[in-house]
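Below is one structure; the comments refer to it alone.
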Amino acid sequence: MTNISNESRLMEHMAVTPENHLEISGVDSVELAETYGTPLYVYDISLVKKKIKAFKDAFRAYENKTQVAYASKAFSSLALYEMLAEEDVSLDVVSGGELFLAIKADFPAERIHFHGNNKSWQELDEAIDHNIGCIVVDNFVELSMLKELTQSKKKQMDVLIRVTPGVAAHTHEYITTGQEDSKFGFDLSSNQAEQAIRELQDAPYLTVIGLHAHIGSQIFEVDGYQAVIAKLMTKAKEWENKYGFSLSVLNAGGGFGIRYTQEDAPLPLSTYADAIMAAVRDQSHKLEMDLPEIWIEPGRSIVGEAGTSLYTIGTEKSIPGVRKYISVDGGMADNIRPALYQAKYTGVLANKVNGEKTEEVSVAGKACESGDMLIWDLTLTEPAQDDILAVFSTGAYGYSMASNYNRLPRPAVVFVEEGRHALAVKRETYTDFLNLEVSRQQFEG
């Protein structure tokens with residue numbers, strides 16, 4: 001067995017079998033495609049666990065408590081939540097559906113944080129009834145709803161105030177969230193955040209334990225985190241003097257970048273952690289404040305690189321002097337990111353990994369959209385019909401953003417770990433479409 005030698009193709013925990021097949025965590029990916037069909041999401045759970053441990057280890061040097069909360073919008077499933085519960089991490093949910101699944105997985109409710117800019121009455125009601133760890137309050141309407149619900153139930157709830165700090169990350173505009181003009185959070189510069197702090201002083205069943213800010217995703221520098229921490233802690237000190245506010249928790253959000261292609265150069269997780277811890281220590285010393293707990297919310301950086309999508313190649317089209325297209329049996333319905341964010345990916349032919357890369361092709365999806373392109377200009381080893389294409393780093397925002405566009409069933413999800421594989425989410429079938437359909441005959445007669 002040999003390791004994949006081409007650095008542009010190399011992904012962690014991957015190897016090449018004697019049959020020249022791609023192996024993921026000791027499992028032959030061609031065997032996975034034959035067993036479960038394609039398109040197929042494959043998650044290397046051993047790599048997920050390794051990423052979690054790396055985050056925990058990176059913050060062990062901090063003098064106060066820390067929490068690593070998995071941002072489950074990146075990918076959620078019953079089996080994943082069950083595994084995360086065993087790994088002793090916290091969990092961010094952003095909808096009643098994610099909360100429902102987490103509760104069904106017996107995830108400890110006290111380790112659940114509820115995010116979202118438009119939480120409904122029902123979602124807040126369920127969060128309070130399940131006694132979750134905290135709610136991240138996003139706006140004044142939600143604050144009013146929480147006051148009413150906790151008062152009527154006579155139940156206490158810890159909250160974080162989500163702050164829009166006016167710090168924008170260097171990333172795609174659709175995944176930048178920290179700038180002032182954002183749908184998320186209480187604006188800092190216009191004193192909305194301060195007004196929220198004031199209002200919480202008069203809410204008997206709400207306890208504001210800290211501040212939260214998230215500046216964006218796929219971030220490859222630490223300056224933004226340092227700037228946000230300085231802003232939040234300076235304001236927290238002002239509010240301490242004015243209102244007796246105590247900053248018990250500082251949530252620096254997530255957004256830590258991962259590698260999709262060789263163009264990406266993510267920092268080691270320890271570099272992000274060291275910068276965050278140093279900034280908090282420096283500000284605490286400068287402002288004469290107690291060290292708060294540090295919470296972070298990695299999602300993509302835990303599951304992104306652990307995911308690989310397998311597709312079967314179908315038709316092709318060559319335009320002389322322009323390009324060659326190959327089409328696969330998935331596309332924007334199972335990975336919207338290239339169409340939505342112009343996201344870039346790379347991959348290999350899973351059934352013939354090594355060999356001279358002789359053909360440059362562009363990988364098209366099967367949806368009836370010109371924009372359904374997974375990869376532009378990928379060099380492969382003589383791709384042919386029925387070959388298996390493996391696309392790397394698809395673990396974040398693939399399944400979670402999948403759709404039934406063109407009535408395409410959503411793929412199955414398989415977990416692999418150290419030579420073992422198991423189905424985690426069943427493949428959707430055409431019959432499943434009928435579960436929600438209502439025949440017109442019910443309106444006649």
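Ligands are numbered from 1 in the order shown, residues from 1 within each chain, and chains are lettered A, B, ... in the order they appear in the structure tokens.
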
(request) If you run DSSP over the backbone, which residues in segment 111-242 of chain A end up strand (DSSP E or B)? Put them as a list of chain:residue names. (result) A:Ile112, A:His113, A:Phe114, A:Cys134, A:Ile135, A:Val136, A:Val137, A:Met157, A:Asp158, A:Val159, A:Leu160, A:Ile161, A:Arg162, A:Val163, A:Thr164, A:Thr176, A:Phe186, A:Asp187, A:Leu206, A:Thr207, A:Val208, A:Ile209, A:Gly210, A:Leu211, A:His212, A:Gly216, A:Ile219

Restricting it to N, CA, C and O atoms, dump the selection as an mmCIF file, in the first residue's frame.
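Here's the written file part_10.cif:
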data_model
loop_
_atom_site.group_PDB
_atom_site.id
_atom_site.type_symbol
_atom_site.label_atom_id
_atom_site.label_comp_id
_atom_site.auth_asym_id
_atom_site.auth_seq_id
_atom_site.Cartn_x
_atom_site.Cartn_y
_atom_site.Cartn_z
ATOM 1 N N ILE A 112 -25.893 22.291 24.914
ATOM 2 C CA ILE A 112 -26.439 22.779 23.646
ATOM 3 C C ILE A 112 -26.587 24.293 23.693
ATOM 4 O O ILE A 112 -27.129 24.848 24.648
ATOM 5 N N HIS A 113 -26.113 24.966 22.646
ATOM 6 C CA HIS A 113 -26.282 26.412 22.479
ATOM 7 C C HIS A 113 -27.170 26.641 21.257
ATOM 8 O O HIS A 113 -26.967 26.006 20.224
ATOM 9 N N PHE A 114 -28.123 27.561 21.373
ATOM 10 C CA PHE A 114 -29.086 27.806 20.286
ATOM 11 C C PHE A 114 -28.800 29.158 19.639
ATOM 12 O O PHE A 114 -28.913 30.198 20.262
ATOM 13 N N CYS A 134 -27.590 27.345 26.835
ATOM 14 C CA CYS A 134 -27.755 28.792 26.662
ATOM 15 C C CYS A 134 -28.364 29.095 25.308
ATOM 16 O O CYS A 134 -28.327 28.266 24.390
ATOM 17 N N ILE A 135 -28.921 30.283 25.208
ATOM 18 C CA ILE A 135 -29.447 30.805 23.946
ATOM 19 C C ILE A 135 -28.626 32.030 23.577
ATOM 20 O O ILE A 135 -28.372 32.895 24.414
ATOM 21 N N VAL A 136 -28.181 32.078 22.319
ATOM 22 C CA VAL A 136 -27.434 33.225 21.825
ATOM 23 C C VAL A 136 -28.443 34.208 21.236
ATOM 24 O O VAL A 136 -29.000 33.972 20.171
ATOM 25 N N VAL A 137 -28.711 35.281 21.963
ATOM 26 C CA VAL A 137 -29.757 36.232 21.577
ATOM 27 C C VAL A 137 -29.250 37.121 20.447
ATOM 28 O O VAL A 137 -28.159 37.688 20.524
ATOM 29 N N MET A 157 -32.866 31.009 32.221
ATOM 30 C CA MET A 157 -32.126 30.680 31.006
ATOM 31 C C MET A 157 -30.892 31.562 30.912
ATOM 32 O O MET A 157 -30.973 32.781 31.054
ATOM 33 N N ASP A 158 -29.730 30.960 30.679
ATOM 34 C CA ASP A 158 -28.510 31.713 30.409
ATOM 35 C C ASP A 158 -28.505 32.143 28.947
ATOM 36 O O ASP A 158 -28.936 31.386 28.060
ATOM 37 N N VAL A 159 -28.020 33.354 28.697
ATOM 38 C CA VAL A 159 -27.961 33.861 27.328
ATOM 39 C C VAL A 159 -26.600 34.500 27.076
ATOM 40 O O VAL A 159 -25.940 35.015 27.972
ATOM 41 N N LEU A 160 -26.197 34.450 25.811
ATOM 42 C CA LEU A 160 -25.099 35.245 25.299
ATOM 43 C C LEU A 160 -25.689 36.310 24.388
ATOM 44 O O LEU A 160 -26.698 36.057 23.712
ATOM 45 N N ILE A 161 -25.079 37.469 24.348
ATOM 46 C CA ILE A 161 -25.496 38.511 23.414
ATOM 47 C C ILE A 161 -24.623 38.407 22.169
ATOM 48 O O ILE A 161 -23.392 38.513 22.253
ATOM 49 N N ARG A 162 -25.254 38.183 21.023
ATOM 50 C CA ARG A 162 -24.473 38.171 19.783
ATOM 51 C C ARG A 162 -24.244 39.606 19.332
ATOM 52 O O ARG A 162 -25.192 40.361 19.124
ATOM 53 N N VAL A 163 -22.974 39.950 19.162
ATOM 54 C CA VAL A 163 -22.587 41.311 18.821
ATOM 55 C C VAL A 163 -22.057 41.350 17.396
ATOM 56 O O VAL A 163 -21.294 40.480 16.976
ATOM 57 N N THR A 164 -22.498 42.357 16.648
ATOM 58 C CA THR A 164 -21.909 42.630 15.338
ATOM 59 C C THR A 164 -20.810 43.663 15.561
ATOM 60 O O THR A 164 -21.088 44.846 15.765
ATOM 61 N N THR A 176 -19.232 36.348 5.161
ATOM 62 C CA THR A 176 -18.718 37.341 6.089
ATOM 63 C C THR A 176 -19.869 37.807 6.963
ATOM 64 O O THR A 176 -20.914 38.188 6.461
ATOM 65 N N PHE A 186 -26.492 42.237 17.531
ATOM 66 C CA PHE A 186 -26.679 43.614 17.978
ATOM 67 C C PHE A 186 -25.464 44.435 17.564
ATOM 68 O O PHE A 186 -24.331 44.077 17.892
ATOM 69 N N ASP A 187 -25.706 45.524 16.874
ATOM 70 C CA ASP A 187 -24.616 46.371 16.396
ATOM 71 C C ASP A 187 -23.901 47.013 17.576
ATOM 72 O O ASP A 187 -24.522 47.528 18.509
ATOM 73 N N LEU A 206 -33.620 35.774 32.934
ATOM 74 C CA LEU A 206 -32.553 35.704 31.944
ATOM 75 C C LEU A 206 -31.253 36.180 32.569
ATOM 76 O O LEU A 206 -31.199 37.252 33.167
ATOM 77 N N THR A 207 -30.207 35.408 32.418
ATOM 78 C CA THR A 207 -28.892 35.766 32.933
ATOM 79 C C THR A 207 -27.920 35.881 31.772
ATOM 80 O O THR A 207 -27.653 34.874 31.086
ATOM 81 N N VAL A 208 -27.423 37.080 31.520
ATOM 82 C CA VAL A 208 -26.466 37.257 30.435
ATOM 83 C C VAL A 208 -25.082 36.892 30.948
ATOM 84 O O VAL A 208 -24.541 37.534 31.841
ATOM 85 N N ILE A 209 -24.537 35.814 30.397
ATOM 86 C CA ILE A 209 -23.261 35.301 30.893
ATOM 87 C C ILE A 209 -22.081 35.760 30.053
ATOM 88 O O ILE A 209 -20.932 35.566 30.456
ATOM 89 N N GLY A 210 -22.367 36.341 28.882
ATOM 90 C CA GLY A 210 -21.233 36.758 28.078
ATOM 91 C C GLY A 210 -21.618 37.286 26.715
ATOM 92 O O GLY A 210 -22.796 37.528 26.426
ATOM 93 N N LEU A 211 -20.598 37.454 25.883
ATOM 94 C CA LEU A 211 -20.740 38.038 24.563
ATOM 95 C C LEU A 211 -20.266 37.057 23.500
ATOM 96 O O LEU A 211 -19.366 36.244 23.742
ATOM 97 N N HIS A 212 -20.874 37.180 22.338
ATOM 98 C CA HIS A 212 -20.552 36.310 21.210
ATOM 99 C C HIS A 212 -20.334 37.147 19.967
ATOM 100 O O HIS A 212 -21.057 38.122 19.723
ATOM 101 N N GLY A 216 -16.986 35.497 10.320
ATOM 102 C CA GLY A 216 -17.037 34.924 8.982
ATOM 103 C C GLY A 216 -16.499 33.510 8.968
ATOM 104 O O GLY A 216 -16.275 32.898 10.008
ATOM 105 N N ILE A 219 -11.374 31.460 7.289
ATOM 106 C CA ILE A 219 -10.446 32.543 7.634
ATOM 107 C C ILE A 219 -9.040 31.972 7.788
ATOM 108 O O ILE A 219 -8.836 30.967 8.478
#

(request) Determine which residues of segment 216-315 of chain A receive a DSSP assignment of helix (DSSP H, G or I), computed from the backbone, and state them as a PyMOL selection string. (result) chain A and resi 223-243+269-287+300-303

(request) May I ask which of the residues A:Ile197, A:Met401, A:Ile103, A:Ala273 is the closest one to Ala333 of chain A, counting only C-alpha atoms? (result)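 Going through A:Ile197, A:Met401, A:Ile103, A:Ala273 one by one, the smallest distance to Ala333 of chain A is for A:Met401.
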
Residues within 9 Å of segment 79-89 of chain A, only C-alpha atoms, excluding chain neighbours under 3 positions, as a short mmCIF file (atom, residue, chain, number, x, y, z; two decimals) with N, CA and C atoms, in the first residue's frame:
data_model
loop_
_atom_site.label_atom_id
_atom_site.label_comp_id
_atom_site.auth_asym_id
_atom_site.auth_seq_id
_atom_site.Cartn_x
_atom_site.Cartn_y
_atom_site.Cartn_z
N ILE A 45 -14.50 9.30 10.32
CA ILE A 45 -14.79 9.65 11.71
C ILE A 45 -13.52 9.71 12.55
N LYS A 49 -12.62 12.93 14.96
CA LYS A 49 -12.18 12.84 16.35
C LYS A 49 -10.80 13.48 16.54
N ILE A 52 -11.25 17.26 16.73
CA ILE A 52 -11.80 17.64 18.03
C ILE A 52 -10.71 17.64 19.09
N LYS A 53 -9.93 16.59 19.11
CA LYS A 53 -8.84 16.50 20.09
C LYS A 53 -7.84 17.64 19.90
N LYS A 56 -9.24 20.77 21.46
CA LYS A 56 -9.19 20.68 22.92
C LYS A 56 -7.77 20.87 23.43
N GLN A 67 -14.73 25.94 26.08
CA GLN A 67 -15.70 25.04 25.46
C GLN A 67 -15.48 25.02 23.97
N VAL A 68 -15.39 23.82 23.42
CA VAL A 68 -15.41 23.63 21.97
C VAL A 68 -16.81 23.19 21.61
N ALA A 69 -17.54 24.03 20.89
CA ALA A 69 -18.92 23.73 20.52
C ALA A 69 -18.98 23.48 19.02
N TYR A 70 -19.34 22.28 18.63
CA TYR A 70 -19.43 21.96 17.21
C TYR A 70 -20.60 22.70 16.58
N SER A 72 -23.17 22.71 14.26
CA SER A 72 -23.75 21.58 13.54
C SER A 72 -24.42 21.95 12.23
N PHE A 75 -22.78 20.07 9.27
CA PHE A 75 -23.32 18.74 8.97
C PHE A 75 -23.92 18.18 10.24
N SER A 76 -25.12 17.69 10.15
CA SER A 76 -25.75 17.07 11.32
C SER A 76 -26.42 15.76 10.92
N LEU A 101 -33.16 16.76 16.61
CA LEU A 101 -32.27 15.63 16.32
C LEU A 101 -31.26 15.44 17.45
N ALA A 102 -30.75 16.55 18.00
CA ALA A 102 -29.80 16.44 19.10
C ALA A 102 -30.43 15.79 20.33
N ALA A 105 -30.80 12.18 19.87
CA ALA A 105 -29.51 11.51 20.00
C ALA A 105 -29.03 11.45 21.44
N ASP A 106 -29.85 11.93 22.36
CA ASP A 106 -29.49 11.98 23.79
C ASP A 106 -28.26 12.84 24.03
N PHE A 107 -28.10 13.88 23.20
CA PHE A 107 -27.01 14.81 23.44
C PHE A 107 -27.33 15.59 24.71
N PRO A 108 -26.38 15.74 25.63
CA PRO A 108 -26.66 16.44 26.89
C PRO A 108 -27.18 17.86 26.65
N ARG A 111 -25.26 21.11 27.26
CA ARG A 111 -24.13 21.46 26.39
C ARG A 111 -24.61 21.96 25.03
N ALA A 424 -24.74 5.80 7.84
CA ALA A 424 -25.15 6.79 8.84
C ALA A 424 -26.46 7.46 8.48
N VAL A 425 -26.68 7.70 7.19
CA VAL A 425 -27.95 8.26 6.70
C VAL A 425 -28.33 7.50 5.44
#

(message) Taking 4 positions as the minimum chain separation for residues in the same chain, which residues sit within 7 Å of Arg300 of chain A when counting only C-alpha atoms? Answer as an MDAnalysis selection string.
(response) chainID A and resid 74 304 396

(message) Just the number, please: distance in Å from atom CA of Ile24 of chain A to atom CA of Tyr43 of chain A, one decimal.
(response)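 One can read the atom CA of Ile24 of chain A to atom CA of Tyr43 of chain A distance as 8.8 Å.
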
(message) Between atom CA of Thr381 of chain A and atom CA of Ala339 of chain A, what is the distance in Å, rounded to a tenth?
(response)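 That distance, rounded to one decimal, is 25.6 Å.
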
(message) Just want the 8 Å neighbourhood of Tyr345 of chain A, counted on only C-alpha atoms, with same-chain residues fewer than 5 positions away dropped. Output as a ChimeraX atom specification.
(response) /A:260-261,374-375,391-393

What would the file look like if the residues just selected were written as a compact mmCIF listing (two decimals), in the first residue's frame with N, CA and C atoms?
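Saved as selection-v3.txt:
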# COMPACT_ATOMS: atom_id res chain seq x y z
N TYR A 260 -9.16 23.12 0.88
CA TYR A 260 -9.95 22.52 -0.20
C TYR A 260 -9.06 22.14 -1.37
N THR A 261 -8.16 23.04 -1.75
CA THR A 261 -7.21 22.80 -2.84
C THR A 261 -5.83 23.24 -2.39
N LEU A 374 -19.04 21.30 -10.72
CA LEU A 374 -18.36 20.98 -9.47
C LEU A 374 -16.91 21.43 -9.46
N ILE A 375 -16.19 21.15 -10.54
CA ILE A 375 -14.77 21.49 -10.62
C ILE A 375 -14.44 21.91 -12.04
N VAL A 391 -14.23 13.46 -4.75
CA VAL A 391 -14.01 14.90 -4.54
C VAL A 391 -13.74 15.11 -3.07
N PHE A 392 -12.64 15.81 -2.77
CA PHE A 392 -12.17 15.93 -1.39
C PHE A 392 -12.76 17.12 -0.66
N SER A 393 -12.71 17.04 0.66
CA SER A 393 -13.10 18.12 1.57
C SER A 393 -14.53 18.60 1.37

(message) Show me, as a PyMOL selection string, the residues that have an atom within 8 Å of Tyr399 of chain A when counting only C-alpha atoms, minus same-chain residues fewer than 5 positions from it.
(response) chain A and resi 41+75+334-335+410-411

Quick one: write out the picked residues with N, CA and C atoms as a PDB file, in the first residue's frame?
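The resulting again32.pdb:
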ATOM      1  N   TYR A  41     -21.753  10.428   0.267  1.00  0.00           N
ATOM      2  CA  TYR A  41     -20.904  11.191   1.190  1.00  0.00           C
ATOM      3  C   TYR A  41     -20.189  10.192   2.106  1.00  0.00           C
ATOM      4  N   PHE A  75     -22.780  20.074   9.272  1.00  0.00           N
ATOM      5  CA  PHE A  75     -23.322  18.743   8.974  1.00  0.00           C
ATOM      6  C   PHE A  75     -23.921  18.183  10.244  1.00  0.00           C
ATOM      7  N   ASP A 334     -26.311  18.073  -4.360  1.00  0.00           N
ATOM      8  CA  ASP A 334     -25.626  17.542  -3.181  1.00  0.00           C
ATOM      9  C   ASP A 334     -24.438  18.397  -2.758  1.00  0.00           C
ATOM     10  N   ASN A 335     -24.042  19.376  -3.578  1.00  0.00           N
ATOM     11  CA  ASN A 335     -22.978  20.313  -3.200  1.00  0.00           C
ATOM     12  C   ASN A 335     -23.223  21.634  -3.912  1.00  0.00           C
ATOM     13  N   ARG A 410     -31.590  12.748  -2.283  1.00  0.00           N
ATOM     14  CA  ARG A 410     -30.372  13.081  -1.551  1.00  0.00           C
ATOM     15  C   ARG A 410     -29.552  11.815  -1.302  1.00  0.00           C
ATOM     16  N   PRO A 411     -28.209  11.946  -1.393  1.00  0.00           N
ATOM     17  CA  PRO A 411     -27.349  10.767  -1.271  1.00  0.00           C
ATOM     18  C   PRO A 411     -27.349  10.176   0.132  1.00  0.00           C
TER      19      PRO A 411
END
